[in-house]
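Enquirer: Dropping in input_18.txt, with compact mmCIF, N, CA and C atoms and all ligand atoms.
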```
# COMPACT_ATOMS: atom_id res chain seq x y z
N MET A 1 104.80 87.84 118.84
CA MET A 1 104.59 87.66 117.39
C MET A 1 105.63 86.70 116.82
N GLU A 2 105.14 85.68 116.18
CA GLU A 2 106.02 84.71 115.53
C GLU A 2 106.76 85.39 114.36
N ASN A 3 108.03 85.01 114.18
CA ASN A 3 108.78 85.54 113.03
C ASN A 3 108.06 85.25 111.72
N SER A 4 107.41 84.09 111.63
CA SER A 4 106.80 83.70 110.35
C SER A 4 105.70 84.68 109.94
N GLN A 5 104.94 85.18 110.91
CA GLN A 5 103.89 86.15 110.58
C GLN A 5 104.49 87.48 110.13
N LEU A 6 105.57 87.87 110.80
CA LEU A 6 106.26 89.11 110.43
C LEU A 6 106.88 88.99 109.04
N ILE A 7 107.50 87.83 108.78
CA ILE A 7 108.10 87.59 107.47
C ILE A 7 107.04 87.65 106.38
N GLU A 8 105.86 87.11 106.68
CA GLU A 8 104.75 87.13 105.71
C GLU A 8 104.36 88.57 105.38
N LYS A 9 104.27 89.41 106.41
CA LYS A 9 103.90 90.82 106.19
C LYS A 9 104.99 91.56 105.43
N LEU A 10 106.25 91.28 105.75
CA LEU A 10 107.35 91.92 105.03
C LEU A 10 107.38 91.47 103.58
N ASN A 11 107.08 90.19 103.35
CA ASN A 11 107.04 89.70 101.97
C ASN A 11 105.91 90.36 101.19
N ASN A 12 104.79 90.62 101.87
CA ASN A 12 103.70 91.34 101.21
C ASN A 12 104.16 92.74 100.80
N ALA A 13 104.86 93.43 101.71
CA ALA A 13 105.41 94.75 101.38
C ALA A 13 106.37 94.65 100.21
N LEU A 14 107.18 93.59 100.20
CA LEU A 14 108.15 93.40 99.10
C LEU A 14 107.43 93.23 97.76
N THR A 15 106.31 92.50 97.75
CA THR A 15 105.54 92.35 96.49
C THR A 15 105.08 93.71 95.98
N TRP A 16 104.68 94.59 96.89
CA TRP A 16 104.22 95.93 96.48
C TRP A 16 105.37 96.77 95.96
N GLU A 17 106.55 96.63 96.55
CA GLU A 17 107.72 97.37 96.04
C GLU A 17 108.11 96.86 94.66
N LEU A 18 108.08 95.53 94.47
CA LEU A 18 108.44 94.97 93.16
C LEU A 18 107.44 95.42 92.10
N ARG A 19 106.17 95.53 92.51
CA ARG A 19 105.15 96.05 91.58
C ARG A 19 105.41 97.53 91.28
N ALA A 20 105.75 98.31 92.31
CA ALA A 20 106.00 99.75 92.12
C ALA A 20 107.17 99.98 91.16
N ILE A 21 108.20 99.14 91.24
CA ILE A 21 109.34 99.25 90.32
C ILE A 21 108.84 99.11 88.87
N ASN A 22 108.01 98.09 88.64
CA ASN A 22 107.47 97.87 87.28
C ASN A 22 106.55 99.01 86.85
N LEU A 23 105.68 99.42 87.75
CA LEU A 23 104.71 100.47 87.43
C LEU A 23 105.43 101.76 87.02
N TYR A 24 106.38 102.19 87.84
CA TYR A 24 107.04 103.47 87.57
C TYR A 24 107.97 103.38 86.36
N ALA A 25 108.62 102.26 86.17
CA ALA A 25 109.48 102.09 84.98
C ALA A 25 108.62 102.15 83.71
N HIS A 26 107.44 101.52 83.79
CA HIS A 26 106.52 101.51 82.64
C HIS A 26 106.05 102.92 82.32
N TYR A 27 105.64 103.64 83.34
CA TYR A 27 105.12 105.00 83.11
C TYR A 27 106.23 105.95 82.66
N SER A 28 107.42 105.75 83.17
CA SER A 28 108.54 106.59 82.73
C SER A 28 108.80 106.41 81.23
N ALA A 29 108.60 105.19 80.75
CA ALA A 29 108.82 104.90 79.33
C ALA A 29 107.70 105.48 78.46
N TYR A 30 106.46 105.49 78.99
CA TYR A 30 105.30 105.83 78.16
C TYR A 30 104.79 107.25 78.32
N VAL A 31 105.22 107.97 79.36
CA VAL A 31 104.65 109.31 79.56
C VAL A 31 104.99 110.19 78.35
N GLN A 32 103.97 110.93 77.88
CA GLN A 32 104.10 111.69 76.64
C GLN A 32 103.72 113.16 76.83
N GLY A 33 104.05 113.94 75.80
CA GLY A 33 103.68 115.35 75.83
C GLY A 33 104.67 116.17 76.65
N ILE A 34 104.31 117.42 76.89
CA ILE A 34 105.22 118.35 77.56
C ILE A 34 105.56 117.88 78.98
N HIS A 35 104.64 117.16 79.62
CA HIS A 35 104.87 116.70 81.00
C HIS A 35 105.94 115.62 81.09
N ARG A 36 106.27 115.06 79.93
CA ARG A 36 107.35 114.06 79.92
C ARG A 36 108.65 114.66 80.49
N LEU A 37 108.85 115.95 80.20
CA LEU A 37 110.07 116.62 80.67
C LEU A 37 110.25 116.46 82.18
N GLN A 38 109.15 116.58 82.93
CA GLN A 38 109.21 116.47 84.38
C GLN A 38 108.98 115.04 84.86
N LEU A 39 107.96 114.41 84.26
CA LEU A 39 107.47 113.16 84.87
C LEU A 39 108.34 111.95 84.55
N ALA A 40 109.01 111.93 83.40
CA ALA A 40 109.87 110.78 83.10
C ALA A 40 110.93 110.65 84.19
N GLY A 41 111.53 111.78 84.55
CA GLY A 41 112.54 111.79 85.61
C GLY A 41 111.96 111.47 86.97
N HIS A 42 110.77 112.02 87.23
CA HIS A 42 110.11 111.75 88.51
C HIS A 42 109.82 110.26 88.67
N PHE A 43 109.28 109.66 87.61
CA PHE A 43 108.95 108.22 87.69
C PHE A 43 110.22 107.38 87.83
N THR A 44 111.27 107.78 87.14
CA THR A 44 112.54 107.05 87.27
C THR A 44 113.08 107.14 88.70
N ALA A 45 112.93 108.31 89.31
CA ALA A 45 113.37 108.46 90.71
C ALA A 45 112.54 107.56 91.63
N GLU A 46 111.27 107.39 91.30
CA GLU A 46 110.41 106.50 92.10
C GLU A 46 110.84 105.03 91.94
N VAL A 47 111.31 104.67 90.73
CA VAL A 47 111.87 103.32 90.54
C VAL A 47 113.04 103.11 91.49
N THR A 48 113.94 104.09 91.51
CA THR A 48 115.13 104.00 92.37
C THR A 48 114.74 103.91 93.84
N GLU A 49 113.76 104.73 94.24
CA GLU A 49 113.32 104.69 95.64
C GLU A 49 112.72 103.32 95.98
N SER A 50 111.93 102.78 95.06
CA SER A 50 111.29 101.48 95.32
C SER A 50 112.33 100.36 95.39
N ILE A 51 113.37 100.45 94.56
CA ILE A 51 114.45 99.46 94.63
C ILE A 51 115.11 99.54 96.01
N GLY A 52 115.33 100.76 96.49
CA GLY A 52 115.92 100.94 97.82
C GLY A 52 115.05 100.37 98.92
N HIS A 53 113.74 100.63 98.84
CA HIS A 53 112.82 100.08 99.85
C HIS A 53 112.81 98.56 99.79
N ALA A 54 112.77 98.03 98.57
CA ALA A 54 112.78 96.57 98.41
C ALA A 54 114.04 95.97 99.02
N ASN A 55 115.17 96.64 98.83
CA ASN A 55 116.44 96.12 99.39
C ASN A 55 116.39 96.06 100.92
N ILE A 56 115.82 97.10 101.52
CA ILE A 56 115.74 97.15 102.99
C ILE A 56 114.82 96.03 103.50
N VAL A 57 113.67 95.88 102.85
CA VAL A 57 112.70 94.87 103.27
C VAL A 57 113.27 93.46 103.07
N ARG A 58 113.94 93.28 101.93
CA ARG A 58 114.53 91.96 101.63
C ARG A 58 115.59 91.60 102.68
N SER A 59 116.42 92.58 103.02
CA SER A 59 117.46 92.34 104.03
C SER A 59 116.84 91.98 105.37
N ALA A 60 115.72 92.63 105.70
CA ALA A 60 115.03 92.32 106.96
C ALA A 60 114.53 90.88 106.96
N ILE A 61 114.00 90.44 105.83
CA ILE A 61 113.49 89.07 105.71
C ILE A 61 114.64 88.07 105.88
N VAL A 62 115.77 88.38 105.26
CA VAL A 62 116.95 87.52 105.38
C VAL A 62 117.38 87.44 106.84
N LYS A 63 117.42 88.60 107.51
CA LYS A 63 117.85 88.66 108.90
C LYS A 63 116.94 87.81 109.80
N LEU A 64 115.66 87.79 109.46
CA LEU A 64 114.68 87.03 110.25
C LEU A 64 114.67 85.54 109.89
N GLY A 65 115.51 85.17 108.92
CA GLY A 65 115.59 83.76 108.54
C GLY A 65 114.53 83.32 107.55
N GLY A 66 113.91 84.28 106.87
CA GLY A 66 112.84 83.94 105.92
C GLY A 66 113.34 83.86 104.50
N GLU A 67 112.42 83.47 103.61
CA GLU A 67 112.72 83.43 102.18
C GLU A 67 111.99 84.59 101.52
N ALA A 68 112.76 85.51 100.93
CA ALA A 68 112.17 86.69 100.31
C ALA A 68 111.52 86.32 98.99
N THR A 69 110.32 86.89 98.76
CA THR A 69 109.62 86.62 97.51
C THR A 69 110.34 87.30 96.34
N THR A 70 110.17 86.71 95.16
CA THR A 70 110.67 87.35 93.94
C THR A 70 109.51 87.77 93.04
N GLU A 71 108.28 87.60 93.55
CA GLU A 71 107.09 87.91 92.75
C GLU A 71 106.56 89.29 93.09
N ARG A 72 106.07 89.99 92.05
CA ARG A 72 105.42 91.28 92.32
C ARG A 72 103.98 91.05 92.74
N ASN A 73 103.43 92.02 93.43
CA ASN A 73 102.02 91.95 93.79
C ASN A 73 101.17 91.88 92.51
N PRO A 74 100.16 90.99 92.48
CA PRO A 74 99.38 90.80 91.25
C PRO A 74 98.39 91.92 90.94
N HIS A 75 98.25 92.89 91.83
CA HIS A 75 97.34 94.00 91.55
C HIS A 75 97.70 94.60 90.18
N PRO A 76 96.72 94.70 89.26
CA PRO A 76 97.05 95.08 87.88
C PRO A 76 97.75 96.43 87.76
N ILE A 77 98.67 96.51 86.80
CA ILE A 77 99.29 97.78 86.43
C ILE A 77 98.58 98.26 85.18
N VAL A 78 97.90 99.40 85.30
CA VAL A 78 97.09 99.92 84.20
C VAL A 78 98.00 100.58 83.17
N HIS A 79 97.92 100.09 81.92
CA HIS A 79 98.70 100.73 80.85
C HIS A 79 97.97 101.98 80.38
N THR A 80 98.67 103.09 80.28
CA THR A 80 98.10 104.33 79.77
C THR A 80 99.22 105.22 79.29
N THR A 81 98.89 106.16 78.39
CA THR A 81 99.85 107.20 78.02
C THR A 81 99.39 108.55 78.57
N ASP A 82 98.30 108.54 79.34
CA ASP A 82 97.72 109.75 79.93
C ASP A 82 98.38 110.02 81.28
N TYR A 83 99.10 111.12 81.37
CA TYR A 83 99.89 111.35 82.61
C TYR A 83 99.00 111.51 83.84
N VAL A 84 97.78 112.03 83.66
CA VAL A 84 96.89 112.17 84.83
C VAL A 84 96.49 110.80 85.36
N GLU A 85 96.19 109.89 84.42
CA GLU A 85 95.85 108.52 84.84
C GLU A 85 97.07 107.87 85.51
N MET A 86 98.26 108.12 84.97
CA MET A 86 99.49 107.60 85.61
C MET A 86 99.60 108.09 87.05
N LEU A 87 99.33 109.37 87.25
CA LEU A 87 99.43 109.93 88.60
C LEU A 87 98.36 109.36 89.52
N ARG A 88 97.17 109.10 88.95
CA ARG A 88 96.12 108.47 89.76
C ARG A 88 96.55 107.08 90.21
N GLN A 89 97.16 106.36 89.28
CA GLN A 89 97.64 105.01 89.60
C GLN A 89 98.80 105.07 90.61
N ALA A 90 99.64 106.08 90.45
CA ALA A 90 100.75 106.27 91.40
C ALA A 90 100.19 106.58 92.79
N TYR A 91 99.16 107.41 92.83
CA TYR A 91 98.55 107.77 94.12
C TYR A 91 98.00 106.52 94.81
N GLU A 92 97.28 105.71 94.06
CA GLU A 92 96.72 104.47 94.61
C GLU A 92 97.85 103.59 95.17
N THR A 93 98.93 103.49 94.42
CA THR A 93 100.07 102.66 94.82
C THR A 93 100.72 103.18 96.11
N GLU A 94 100.90 104.50 96.20
CA GLU A 94 101.55 105.08 97.38
C GLU A 94 100.66 104.96 98.62
N VAL A 95 99.36 105.14 98.44
CA VAL A 95 98.42 104.98 99.56
C VAL A 95 98.50 103.54 100.08
N MET A 96 98.51 102.60 99.14
CA MET A 96 98.57 101.19 99.52
C MET A 96 99.87 100.89 100.26
N ALA A 97 100.97 101.44 99.77
CA ALA A 97 102.27 101.21 100.42
C ALA A 97 102.25 101.77 101.84
N GLY A 98 101.70 102.96 102.01
CA GLY A 98 101.61 103.55 103.34
C GLY A 98 100.83 102.67 104.29
N LYS A 99 99.72 102.11 103.79
CA LYS A 99 98.88 101.22 104.61
C LYS A 99 99.65 99.96 105.01
N VAL A 100 100.33 99.36 104.04
CA VAL A 100 101.07 98.12 104.29
C VAL A 100 102.17 98.34 105.34
N TYR A 101 102.93 99.43 105.20
CA TYR A 101 104.01 99.68 106.16
C TYR A 101 103.46 100.11 107.52
N GLY A 102 102.32 100.81 107.52
CA GLY A 102 101.70 101.17 108.79
C GLY A 102 101.32 99.93 109.59
N GLU A 103 100.81 98.93 108.89
CA GLU A 103 100.43 97.67 109.56
C GLU A 103 101.66 96.92 110.07
N ILE A 104 102.74 96.95 109.31
CA ILE A 104 103.97 96.28 109.76
C ILE A 104 104.50 96.97 111.02
N LEU A 105 104.42 98.30 111.06
CA LEU A 105 104.88 99.02 112.25
C LEU A 105 104.10 98.60 113.48
N GLU A 106 102.79 98.43 113.32
CA GLU A 106 101.96 97.97 114.45
C GLU A 106 102.47 96.62 114.95
N THR A 107 102.73 95.72 114.01
CA THR A 107 103.25 94.39 114.35
C THR A 107 104.60 94.50 115.06
N LEU A 108 105.45 95.41 114.59
CA LEU A 108 106.80 95.52 115.13
C LEU A 108 106.85 96.11 116.54
N LYS A 109 105.73 96.74 116.95
CA LYS A 109 105.71 97.29 118.32
C LYS A 109 105.87 96.19 119.36
N ASN A 110 105.51 94.96 119.01
CA ASN A 110 105.64 93.84 119.94
C ASN A 110 106.85 92.97 119.63
N HIS A 111 107.76 93.48 118.84
CA HIS A 111 108.81 92.58 118.33
C HIS A 111 110.19 92.84 118.94
N ASN A 112 110.39 93.97 119.59
CA ASN A 112 111.64 94.23 120.29
C ASN A 112 112.88 94.21 119.38
N ASP A 113 112.77 94.92 118.27
CA ASP A 113 113.91 95.06 117.35
C ASP A 113 113.92 96.51 116.87
N ASP A 114 114.66 97.35 117.62
CA ASP A 114 114.65 98.79 117.33
C ASP A 114 115.19 99.11 115.94
N GLU A 115 116.19 98.35 115.53
CA GLU A 115 116.81 98.62 114.22
C GLU A 115 115.80 98.38 113.10
N LEU A 116 115.08 97.28 113.19
CA LEU A 116 114.08 96.96 112.16
C LEU A 116 112.94 97.96 112.21
N TYR A 117 112.51 98.32 113.43
CA TYR A 117 111.42 99.29 113.57
C TYR A 117 111.81 100.61 112.89
N ASP A 118 113.03 101.05 113.16
CA ASP A 118 113.50 102.31 112.59
C ASP A 118 113.57 102.24 111.06
N ALA A 119 114.05 101.12 110.54
CA ALA A 119 114.17 100.95 109.08
C ALA A 119 112.79 101.01 108.42
N ILE A 120 111.82 100.31 109.01
CA ILE A 120 110.47 100.29 108.42
C ILE A 120 109.78 101.64 108.60
N GLU A 121 110.04 102.27 109.74
CA GLU A 121 109.41 103.58 109.97
C GLU A 121 109.90 104.61 108.95
N SER A 122 111.20 104.53 108.61
CA SER A 122 111.72 105.51 107.63
C SER A 122 111.08 105.27 106.25
N ILE A 123 110.83 104.01 105.90
CA ILE A 123 110.14 103.73 104.63
C ILE A 123 108.70 104.26 104.72
N TYR A 124 108.05 103.98 105.87
CA TYR A 124 106.66 104.42 106.07
C TYR A 124 106.53 105.93 105.85
N PHE A 125 107.44 106.71 106.45
CA PHE A 125 107.37 108.16 106.30
C PHE A 125 107.63 108.57 104.85
N ALA A 126 108.54 107.87 104.18
CA ALA A 126 108.80 108.17 102.76
C ALA A 126 107.55 107.94 101.93
N GLU A 127 106.79 106.87 102.25
CA GLU A 127 105.56 106.59 101.50
C GLU A 127 104.53 107.69 101.77
N LEU A 128 104.43 108.13 103.01
CA LEU A 128 103.47 109.20 103.32
C LEU A 128 103.82 110.49 102.59
N ARG A 129 105.12 110.78 102.50
CA ARG A 129 105.55 111.98 101.76
C ARG A 129 105.19 111.83 100.28
N SER A 130 105.34 110.61 99.75
CA SER A 130 104.99 110.38 98.34
C SER A 130 103.50 110.56 98.10
N VAL A 131 102.68 110.09 99.05
CA VAL A 131 101.23 110.27 98.93
C VAL A 131 100.92 111.76 98.81
N GLU A 132 101.51 112.55 99.69
CA GLU A 132 101.24 113.99 99.70
C GLU A 132 101.75 114.65 98.41
N GLU A 133 102.92 114.20 97.95
CA GLU A 133 103.49 114.79 96.73
C GLU A 133 102.60 114.49 95.53
N VAL A 134 102.13 113.24 95.39
CA VAL A 134 101.29 112.91 94.24
C VAL A 134 99.94 113.60 94.37
N ARG A 135 99.44 113.74 95.59
CA ARG A 135 98.18 114.46 95.79
C ARG A 135 98.31 115.89 95.28
N MET A 136 99.44 116.51 95.57
CA MET A 136 99.66 117.89 95.10
C MET A 136 99.78 117.94 93.58
N LEU A 137 100.44 116.93 93.00
CA LEU A 137 100.57 116.90 91.53
C LEU A 137 99.21 116.76 90.86
N LEU A 138 98.28 116.08 91.53
CA LEU A 138 96.96 115.85 90.95
C LEU A 138 96.01 117.03 91.15
N ASN A 139 96.38 117.97 92.01
CA ASN A 139 95.50 119.11 92.29
C ASN A 139 95.37 120.05 91.09
FE FE B 201 108.27 102.18 98.71
```
Please render this file's structure as structure tokens.
Expert:
Amino acid sequence: MENSQLIEKLNNALTWELRAINLYAHYSAYVQGIHRLQLAGHFTAEVTESIGHANIVRSAIVKLGGEATTERNPHPIVHTTDYVEMLRQAYETEVMAGKVYGEILETLKNHNDDELYDAIESIYFAELRSVEEVRMLLN
């Protein structure tokens, strides 16, 4: 696998993290009603987690000699004050992140870089845990 293809996939993951930062910051600001007590903090924690994931992915791109994107993924961020709709949008985002990192892991199996594999795998598992957590919140 050429580094350039791997860098492209990592940059795609980075666009999704940059989008997730915006999405969760937006929802943290707008969530209303009694659920604000729980969800404003939850969404803010997701911002922090996404910043952390973005940092790891960005560092990997730098290590591979690539240029890290500064653009967020263009997939629309739906504005709403309805917390259920926010959670639906969060669920979609986490599922997408899991898919993106799962594909990168497949690519990394042929890349012979245990450190990078481990870093991406830990993000992948975090995304899967988030999918399950949001699924439970929506039940
Ligand atoms: Fe993430």
Enquirer: At a cut-off of 12 Å from (105.1, 107.0, 75.4) in the coordinates of the file, what residues are picked up using only C-alpha atoms, written as a list in words?
Expert: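 Nearby residues: Ala25, His26, Tyr27, Ser28, Ala29, Tyr30, Val31, Gln32, Gly33, Ile34, His35, Arg36, Leu39, Ala40, His79, Thr80, Thr81, Asp82, Tyr83 and Met86 of chain A.
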Enquirer: Check the smallest atom-to-atom distance from each of A:Thr48, A:Thr70, A:Ser4, A:Asn11 to ligand FE 201 (chain B) using only C-alpha atoms and all ligand atoms, then report the winner.
Expert: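 Under the stated criterion, the closest residue is A:Thr48.
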Enquirer: Contacts between ligand FE 201 (chain B) and chain A, please, where a residue of chain A counts if it comes within 6.5 Å (with all atoms listed in the file); show its shortest atom pair and distance in Å to one decimal, rows by chain and ascending number, as CSV.
Expert:
```
residue,atom,partner,partner_atom,distance
A:Glu17,CA,B:FE201,FE,5.5
A:Glu49,C,B:FE201,FE,5.3
A:Ser50,CA,B:FE201,FE,4.6
A:His53,CA,B:FE201,FE,5.1
A:Ala54,N,B:FE201,FE,6.1
A:Ala97,CA,B:FE201,FE,6.3
A:Ile123,C,B:FE201,FE,6.4
A:Glu127,CA,B:FE201,FE,5.9
```
Enquirer: Go ahead and save the residues from that selection, with N, CA and C atoms, as an mmCIF file, in the coordinates of the input.
Expert:
```
data_model
loop_
_atom_site.group_PDB
_atom_site.id
_atom_site.type_symbol
_atom_site.label_atom_id
_atom_site.label_comp_id
_atom_site.auth_asym_id
_atom_site.auth_seq_id
_atom_site.Cartn_x
_atom_site.Cartn_y
_atom_site.Cartn_z
ATOM 1 N N GLU A 17 106.550 96.630 96.550
ATOM 2 C CA GLU A 17 107.720 97.370 96.040
ATOM 3 C C GLU A 17 108.110 96.860 94.660
ATOM 4 N N GLU A 49 113.760 104.730 94.240
ATOM 5 C CA GLU A 49 113.320 104.690 95.640
ATOM 6 C C GLU A 49 112.720 103.320 95.980
ATOM 7 N N SER A 50 111.930 102.780 95.060
ATOM 8 C CA SER A 50 111.290 101.480 95.320
ATOM 9 C C SER A 50 112.330 100.360 95.390
ATOM 10 N N HIS A 53 113.740 100.630 98.840
ATOM 11 C CA HIS A 53 112.820 100.080 99.850
ATOM 12 C C HIS A 53 112.810 98.560 99.790
ATOM 13 N N ALA A 54 112.770 98.030 98.570
ATOM 14 C CA ALA A 54 112.780 96.570 98.410
ATOM 15 C C ALA A 54 114.040 95.970 99.020
ATOM 16 N N ALA A 97 100.970 101.440 99.770
ATOM 17 C CA ALA A 97 102.270 101.210 100.420
ATOM 18 C C ALA A 97 102.250 101.770 101.840
ATOM 19 N N ILE A 123 110.830 104.010 105.900
ATOM 20 C CA ILE A 123 110.140 103.730 104.630
ATOM 21 C C ILE A 123 108.700 104.260 104.720
ATOM 22 N N GLU A 127 106.790 106.870 102.250
ATOM 23 C CA GLU A 127 105.560 106.590 101.500
ATOM 24 C C GLU A 127 104.530 107.690 101.770
#
```
Enquirer: Applying 8 Å and only N, CA and C atoms, which residues near Pro74 (chain A) remain after dropping the ones on its own chain fewer than 5 positions away? List them as a PyMOL selection string.
Expert: chain A and resi 15-16+19
Enquirer: Might you pull out every residue within 12 Å of Leu137 (chain A), with only C-alpha atoms counted and same-chain residues fewer than 6 positions away left off, and present them as a VMD selection string?
Expert: chain A and resid 35 38 to 39 42 83 to 88 90 to 91 130 to 131
Enquirer: Using all atoms listed in the file, collect all residues at a distance of at most 8 Å from (106.5, 98.7, 109.3) as written in the file, then present them as a PyMOL selection string.
Expert: chain A and resi 100-109+116-124
Enquirer: What are the DSSP alpha helix (DSSP H) residues of region 40-79 of chain A, as a PyMOL selection string?
Expert: chain A and resi 40-63
Enquirer: Please report the interatomic distance between CA of Val95 (chain A) and CA of Leu128 (chain A) in Å with one decimal.
Expert: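 Going from CA of Val95 (chain A) over to CA of Leu128 (chain A) covers 7.6 Å.
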Enquirer: Please identify all polymer residues within 12 Å of Val62 (chain A), counting only C-alpha atoms, omitting same-chain residues fewer than 5 positions from it, and present them as a PyMOL selection string.
Expert: chain A and resi 3-4+6-7+10-11+55-57+67-69+116
Enquirer: Quote the spacing between CA of Met96 (chain A) and CA of Asn112 (chain A) in Å to one decimal place.
Expert: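 CA of Asn112 (chain A) lies at a distance of 25.5 Å from CA of Met96 (chain A).
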Enquirer: Figure out the distance between CA of Leu18 (chain A) and CA of Arg72 (chain A), please, to one decimal in Å.
Expert: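 So the answer is 4.8 Å.
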Enquirer: Around region 83-95 of chain A, with edges along x, y and z and 6 Å added on all six sides, what centre and edge lengths do you get, in Å to one decimal, as AutoDock Vina command-line options?
Expert:
```
--center_x 98.7 --center_y 107.4 --center_z 90.7 --size_x 17.7 --size_y 21.5 --size_z 30.7
```
